[in-house]
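Trainee: Sharing query20.cif here; it has mmCIF, C-alpha atoms and all ligand atoms.
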```cif
data_protein
#
loop_
_atom_site.label_atom_id
_atom_site.label_comp_id
_atom_site.auth_asym_id
_atom_site.auth_seq_id
_atom_site.Cartn_x
_atom_site.Cartn_y
_atom_site.Cartn_z
CA MET A 17 -7.72 -4.36 -4.86
CA THR A 18 -4.48 -6.13 -4.01
CA ARG A 19 -4.01 -9.88 -4.00
CA GLY A 20 -1.01 -11.55 -2.33
CA PHE A 21 0.55 -15.00 -2.71
CA TYR A 22 2.17 -16.78 0.28
CA ILE A 23 4.05 -19.98 -0.56
CA GLY A 24 5.26 -22.65 1.85
CA ARG A 25 5.19 -26.39 2.48
CA PHE A 26 3.14 -25.91 5.67
CA GLN A 27 4.12 -29.29 7.16
CA PRO A 28 2.21 -28.41 9.32
CA TYR A 29 0.73 -24.88 9.17
CA HIS A 30 1.91 -23.38 12.49
CA ASN A 31 1.66 -20.23 14.63
CA GLY A 32 4.65 -18.64 12.84
CA HIS A 33 2.79 -18.90 9.51
CA HIS A 34 -0.33 -17.58 11.25
CA ARG A 35 1.53 -14.49 12.48
CA VAL A 36 2.81 -13.90 8.94
CA VAL A 37 -0.74 -14.11 7.53
CA GLU A 38 -1.97 -11.76 10.27
CA GLN A 39 0.55 -9.21 9.01
CA ILE A 40 -0.22 -9.88 5.33
CA ALA A 41 -3.94 -9.33 6.06
CA THR A 42 -3.14 -5.69 6.85
CA GLU A 43 -1.49 -5.26 3.43
CA VAL A 44 -3.75 -7.05 0.92
CA ASP A 45 -7.46 -7.63 0.28
CA GLU A 46 -7.14 -11.23 -0.85
CA LEU A 47 -4.53 -13.92 -0.28
CA VAL A 48 -3.60 -17.05 -2.18
CA VAL A 49 -1.83 -19.58 0.03
CA GLY A 50 0.32 -21.76 -2.22
CA ILE A 51 0.76 -25.25 -0.78
CA GLY A 52 4.22 -26.17 -2.02
CA SER A 53 5.55 -29.68 -2.70
CA ALA A 54 1.87 -30.59 -3.04
CA GLY A 55 2.60 -34.07 -4.38
CA ASP A 56 4.69 -35.04 -1.36
CA SER A 57 3.25 -36.76 1.72
CA HIS A 58 3.86 -39.63 4.13
CA SER A 59 7.55 -38.81 4.57
CA THR A 60 9.46 -37.44 7.53
CA ARG A 61 9.88 -34.00 6.00
CA ASN A 62 6.48 -33.92 4.28
CA PRO A 63 4.04 -36.01 6.32
CA PHE A 64 0.75 -34.38 5.31
CA THR A 65 -1.05 -34.51 1.96
CA ALA A 66 -2.05 -31.39 0.04
CA GLY A 67 -5.68 -32.06 1.00
CA GLU A 68 -4.82 -32.30 4.69
CA ARG A 69 -2.86 -29.05 4.49
CA ILE A 70 -5.81 -27.39 2.71
CA MET A 71 -7.99 -28.36 5.68
CA MET A 72 -5.48 -26.99 8.22
CA ILE A 73 -5.12 -23.70 6.36
CA THR A 74 -8.78 -23.16 5.41
CA LYS A 75 -9.98 -23.78 8.97
CA SER A 76 -7.29 -21.54 10.49
CA LEU A 77 -7.77 -18.62 8.10
CA VAL A 78 -11.38 -18.03 9.16
CA ASP A 79 -9.71 -15.98 11.94
CA PHE A 80 -8.92 -13.22 9.44
CA ASP A 81 -11.00 -10.70 7.52
CA LEU A 82 -9.48 -11.79 4.25
CA VAL A 83 -10.67 -13.63 1.15
CA THR A 84 -8.34 -16.63 0.88
CA TYR A 85 -7.67 -19.39 -1.64
CA ALA A 86 -5.53 -22.45 -0.87
CA VAL A 87 -3.88 -23.72 -4.07
CA PRO A 88 -1.72 -26.86 -4.24
CA ILE A 89 1.52 -26.38 -6.22
CA GLU A 90 3.48 -29.50 -7.19
CA ASP A 91 7.27 -29.34 -7.50
CA LEU A 92 8.95 -29.25 -10.90
CA ASP A 93 12.46 -30.31 -11.93
CA ARG A 94 12.91 -26.99 -13.73
CA ASN A 95 13.36 -23.95 -11.49
CA ALA A 96 13.49 -21.69 -14.55
CA VAL A 97 9.79 -22.24 -15.31
CA TRP A 98 8.53 -22.59 -11.73
CA VAL A 99 7.05 -19.06 -11.53
CA SER A 100 5.04 -19.69 -14.73
CA HIS A 101 3.88 -22.98 -13.23
CA VAL A 102 2.76 -21.17 -10.06
CA GLN A 103 0.95 -18.54 -12.13
CA SER A 104 -0.81 -21.25 -14.12
CA MET A 105 -2.26 -22.74 -10.91
CA SER A 106 -3.09 -19.59 -8.94
CA PRO A 107 -5.49 -16.67 -9.18
CA ASN A 108 -3.49 -13.65 -10.40
CA PHE A 109 -1.52 -11.92 -7.67
CA ASP A 110 0.32 -8.61 -7.26
CA VAL A 111 2.87 -9.47 -4.58
CA ALA A 112 4.50 -12.67 -3.32
CA TYR A 113 5.51 -13.38 0.29
CA SER A 114 8.44 -15.67 1.10
CA ASN A 115 11.67 -15.84 3.09
CA ASN A 116 13.03 -18.69 0.97
CA PRO A 117 16.10 -17.44 -0.99
CA LEU A 118 15.40 -19.55 -4.10
CA VAL A 119 11.75 -18.50 -4.18
CA ILE A 120 12.72 -14.84 -3.75
CA ARG A 121 15.25 -15.12 -6.56
CA LEU A 122 12.82 -16.79 -8.97
CA PHE A 123 10.02 -14.25 -8.38
CA ASP A 124 12.49 -11.39 -8.55
CA GLU A 125 13.85 -12.56 -11.90
CA ALA A 126 10.26 -12.81 -13.16
CA GLY A 127 9.68 -9.17 -12.19
CA ILE A 128 7.25 -9.95 -9.35
CA GLU A 129 7.54 -7.99 -6.11
CA VAL A 130 8.49 -10.20 -3.14
CA ARG A 131 8.08 -9.17 0.49
CA GLN A 132 9.83 -10.92 3.36
CA SER A 133 8.56 -11.13 6.90
CA PRO A 134 10.34 -11.21 10.25
CA MET A 135 10.77 -14.68 11.77
CA PHE A 136 8.55 -15.14 14.84
CA GLU A 137 9.89 -17.27 17.73
CA ARG A 138 11.87 -19.32 15.23
CA ASP A 139 13.42 -21.50 17.95
CA VAL A 140 10.04 -23.24 18.34
CA LEU A 141 7.84 -22.03 15.47
CA GLU A 142 9.50 -24.20 12.85
CA GLY A 143 7.95 -27.16 11.01
CA THR A 144 11.05 -29.29 11.62
CA GLU A 145 10.85 -28.72 15.39
CA ILE A 146 7.09 -29.41 15.50
CA ARG A 147 7.49 -32.67 13.53
CA ARG A 148 10.37 -33.67 15.82
CA ARG A 149 8.16 -33.15 18.88
CA MET A 150 5.35 -35.19 17.29
CA ALA A 151 7.75 -38.01 16.44
CA GLU A 152 9.11 -38.05 19.99
CA GLY A 153 5.73 -37.74 21.74
CA GLY A 154 6.49 -34.18 22.96
CA ASP A 155 4.29 -31.09 23.34
CA TRP A 156 3.37 -29.53 20.00
CA ARG A 157 -0.25 -28.38 20.34
CA GLU A 158 0.56 -24.91 21.61
CA LEU A 159 2.68 -24.28 18.50
CA VAL A 160 -0.20 -24.58 15.99
CA PRO A 161 -3.65 -22.97 15.66
CA LYS A 162 -6.37 -25.05 17.35
CA PRO A 163 -8.00 -26.07 13.99
CA VAL A 164 -4.63 -27.52 12.89
CA ALA A 165 -4.41 -29.67 16.03
CA ASP A 166 -7.99 -30.84 15.36
CA VAL A 167 -7.14 -31.84 11.77
CA ILE A 168 -3.99 -33.67 12.91
CA ASP A 169 -6.11 -35.56 15.46
CA GLU A 170 -8.79 -36.33 12.84
CA ILE A 171 -6.23 -37.90 10.46
CA ASP A 172 -4.22 -39.56 13.26
CA GLY A 173 -1.25 -37.51 12.10
CA VAL A 174 1.00 -38.09 15.09
CA ASP A 175 0.76 -41.84 14.61
CA ARG A 176 1.60 -41.39 10.92
CA ILE A 177 4.68 -39.32 11.73
CA GLN A 178 5.84 -41.83 14.31
CA LYS A 179 5.40 -44.75 11.89
CA VAL A 180 7.03 -42.89 8.98
CA SER A 181 9.99 -41.83 11.09
CA ASP A 182 10.44 -45.44 12.24
CA THR A 183 10.42 -46.58 8.60
CA ASP A 184 12.85 -43.83 7.64
CA ALA A 185 15.25 -44.55 10.49
CA GLY A 186 18.63 -45.41 9.06
CA ASP A 187 17.68 -44.08 5.60
CA THR A 188 17.51 -40.34 6.22
CA PRO A 189 18.34 -38.21 9.24
CA ALA A 190 15.24 -37.21 11.28
CA GLU A 191 14.09 -33.78 10.09
N1 LIG B 1 8.29 -18.72 12.76
C1 LIG B 1 8.15 -18.14 11.56
N2 LIG B 1 8.00 -16.80 11.47
C2 LIG B 1 7.88 -16.20 10.26
N3 LIG B 1 7.91 -16.85 9.08
C3 LIG B 1 8.06 -18.18 9.11
C4 LIG B 1 8.17 -18.89 10.35
N4 LIG B 1 8.32 -20.21 10.06
C5 LIG B 1 8.31 -20.30 8.71
N5 LIG B 1 8.15 -19.09 8.14
C6 LIG B 1 8.14 -18.77 6.70
O1 LIG B 1 6.98 -19.30 6.11
C7 LIG B 1 7.27 -19.78 4.79
C8 LIG B 1 6.85 -21.23 4.67
O2 LIG B 1 7.60 -21.94 5.61
P1 LIG B 1 7.67 -23.53 5.71
O3 LIG B 1 6.35 -24.10 5.32
O4 LIG B 1 8.88 -24.03 5.04
O5 LIG B 1 7.81 -23.67 7.31
P2 LIG B 1 9.06 -24.00 8.21
O6 LIG B 1 8.63 -23.78 9.61
O7 LIG B 1 10.26 -23.21 7.73
O8 LIG B 1 9.17 -25.54 7.95
P3 LIG B 1 10.35 -26.64 7.83
O9 LIG B 1 11.09 -26.62 9.13
O10 LIG B 1 9.54 -27.87 7.58
O11 LIG B 1 11.18 -26.25 6.63
C9 LIG B 1 8.77 -19.56 4.57
O12 LIG B 1 8.95 -18.35 3.85
C10 LIG B 1 9.30 -19.45 5.98
O13 LIG B 1 10.47 -18.65 6.05
N1 LIG B 2 11.35 -26.05 -9.06
C1 LIG B 2 10.44 -26.14 -8.12
O1 LIG B 2 9.59 -27.01 -8.11
C2 LIG B 2 10.44 -25.16 -6.99
C3 LIG B 2 11.21 -24.02 -6.99
C4 LIG B 2 11.12 -23.17 -5.90
C5 LIG B 2 10.29 -23.48 -4.82
N2 LIG B 2 9.56 -24.62 -4.87
C6 LIG B 2 8.67 -25.01 -3.75
O2 LIG B 2 8.14 -23.88 -3.12
C7 LIG B 2 7.95 -24.18 -1.76
C8 LIG B 2 8.67 -23.14 -0.93
O3 LIG B 2 8.27 -23.29 0.35
P1 LIG B 2 9.24 -23.16 1.62
O4 LIG B 2 9.59 -21.71 1.73
O5 LIG B 2 8.36 -23.64 2.70
O6 LIG B 2 10.43 -24.04 1.35
C9 LIG B 2 8.48 -25.61 -1.52
O7 LIG B 2 7.41 -26.50 -1.59
C10 LIG B 2 9.42 -25.79 -2.70
O8 LIG B 2 9.57 -27.15 -3.09
C11 LIG B 2 9.61 -25.45 -5.91
#
```
Could I get this file's structure written as structure tokens?
Ligand SMILES: Nc1ncnc2c1ncn2[C@@H]1O[C@H](COP(=O)(O)OP(=O)(O)OP(=O)(O)O)[C@@H](O)[C@H]1O
Ligand SMILES: NC(=O)c1ccc[n+]([C@@H]2O[C@H](COP(=O)(O)O)[C@@H](O)[C@H]2O)c1
Mentor:
Amino acid sequence: MTRGFYIGRFQPYHNGHHRVVEQIATEVDELVVGIGSAGDSHSTRNPFTAGERIMMITKSLVDFDLVTYAVPIEDLDRNAVWVSHVQSMSPNFDVAYSNNPLVIRLFDEAGIEVRQSPMFERDVLEGTEIRRRMAEGGDWRELVPKPVADVIDEIDGVDRIQKVSDTDAGDTPAE
């Protein structure tokens, strides 16, 4: 039995993440999806709460023949103990999945195997691009699994992003 751990902010969970999980499902029996920066929400870069991201991910992952657990992981000021923090919040796992250089480094130093995945259609399958389209009233639905679009509708997420990016204007560059 192999259990994997896939970490990301998933703001929102999109078709690029879904392709990665499709690949991971061929390699492991169970998958923990770590919802990073779990305490952040209602900002331009992190509009959705951990609970909202749990809904997006749980409803999308029914597509796969895979036991999955969505686990919120809050950020810490101390990178050196972040892997222990992750392990304290997650079911045990054998292999971690990430393309983030800091995450790869931290798992590597802790002696945990990390696998990277190819980037799928990165010109459009990128959280930053999807949030930009939402903020500007553009087309974004085809870039996320249908259950994610349904959750974003249910929570009036586009309106939130538009309001938050108005508030942020002048403070931080649109991301
Ligand atoms: N299109 C994609 N194909 C494959 N992997 C992806 C893709 N987009 C993101 N990932 C990977 O998924 C993990 C989680 O990504 P993350 O939640 O930061 O999404 P993102 O699209 O990079 O978002 P943002 O633009 O908000 O930073 C990272 O390891 C990232 O490299
Ligand atoms: N010290 C820390 O809290 C720490 C260290 C490394 C990664 N992380 C988090 O892990 C997640 C990595 O996800 P991304 O690959 O989507 O950036 C982010 O939420 C990031 O904040 C946190």
Trainee: May I have the residues within 9 Å of ligand LIG 1 (chain B), computed using all atoms listed in the file, as a count of residues only?
Mentor: 42
Trainee: Can you work out the spacing between atom CA of Glu46 of chain A and atom CA of Arg19 of chain A in Å, to one decimal?
Mentor: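 So the two atoms, atom CA of Glu46 of chain A and atom CA of Arg19 of chain A, lie 4.6 Å apart.
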Trainee: Taking into account all atoms listed in the file, which residue in the set A:Ser53, A:Thr74, A:Thr65, A:Thr60 is nearest to Leu92 of chain A?
Mentor: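 When distances to Leu92 of chain A are compared using all atoms listed in the file, the smallest one comes from A:Ser53.
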Trainee: Taking only C-alpha atoms and all ligand atoms into account, name the residue in A:Glu90, A:Asp81, A:Asp110, A:Glu38 that is nearest to ligand LIG 2 (chain B).
Mentor: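 For ligand LIG 2 (chain B), the nearest of the candidates is A:Glu90.
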Trainee: Could you put an axis-aligned box around every listed atom of ligand LIG 2 (chain B), padded by 6 Å on each side, and send me its centre and edge lengths in Å to one decimal, as lines of an AutoDock Vina configuration file?
Mentor:
```
center_x = 9.4
center_y = -24.4
center_z = -3.2
size_x = 15.9
size_y = 17.4
size_z = 23.8
```
Trainee: Work out how far atom CA of Ala112 of chain A is from atom CA of Val130 of chain A, in Å to one decimal.
Mentor: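 Atom-to-atom, atom CA of Val130 of chain A and atom CA of Ala112 of chain A are spaced 4.7 Å apart.
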Trainee: Hey, which of A:Arg121, A:Arg148, A:Lys162, A:Lys179 ends up closest to ligand LIG 2 (chain B)? Count only C-alpha atoms and all ligand atoms.
Mentor: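 Ranked by minimum distance to ligand LIG 2 (chain B), first place goes to A:Arg121.
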Trainee: Would you mind reading off the distance between atom CA of His58 of chain A and atom CA of Ser76 of chain A, one decimal, in Å?
Mentor: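 A separation of 22.2 Å between them.
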Trainee: List as a list of chain:residue names the protein and nucleic acid residues near Val87 of chain A, meaning an atom at most 12 Å away when only C-alpha atoms are counted, but skip any in the same chain fewer than 6 places from it.
Mentor: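 Using only C-alpha atoms, the neighbours found are A:Phe21, A:Tyr22, A:Ile23, A:Gly24, A:Arg25, A:Leu47, A:Val48, A:Val49, A:Gly50, A:Ile51, A:Gly52, A:Ser53, A:Ala54, A:Ala66, A:Gly67, A:Arg69, A:Ile70, A:Met71, A:Ile73, A:Thr74, A:Val102, A:Gln103, A:Ser104, A:Met105, A:Ser106, A:Pro107, A:Asn108.
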Trainee: Tell me which of A:Val44, A:Lys75, A:Asp56, A:Phe123 sits closest to Asp166 of chain A, counting only C-alpha atoms.
Mentor: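 Closest candidate: A:Lys75.
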Trainee: Return the single residue from A:Val111, A:Ala151, A:Ala165, A:Val99 that is closest to ligand LIG 2 (chain B), with distances computed using all atoms listed in the file.
Mentor: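 Comparing A:Val111, A:Ala151, A:Ala165, A:Val99 against ligand LIG 2 (chain B), the winner is A:Val99.
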Trainee: Mind checking which residues fall within 12 Å of Glu125 of chain A, counting all atoms listed in the file, ignoring those fewer than 3 positions away in the same chain, and posting them as a list in words?
Mentor: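 These residues fall inside the cut-off: Asn95, Ala96, Val97, Trp98, Val99, Ser100, Leu118, Val119, Ile120, Arg121, Leu122, Ile128, Glu129 and Val130 of chain A.
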Trainee: Counting only C-alpha atoms, figure out which residue out of A:Glu152, A:Glu43, A:Asp169, A:Glu158 gets nearest to Glu68 of chain A.
Mentor: A:Asp169
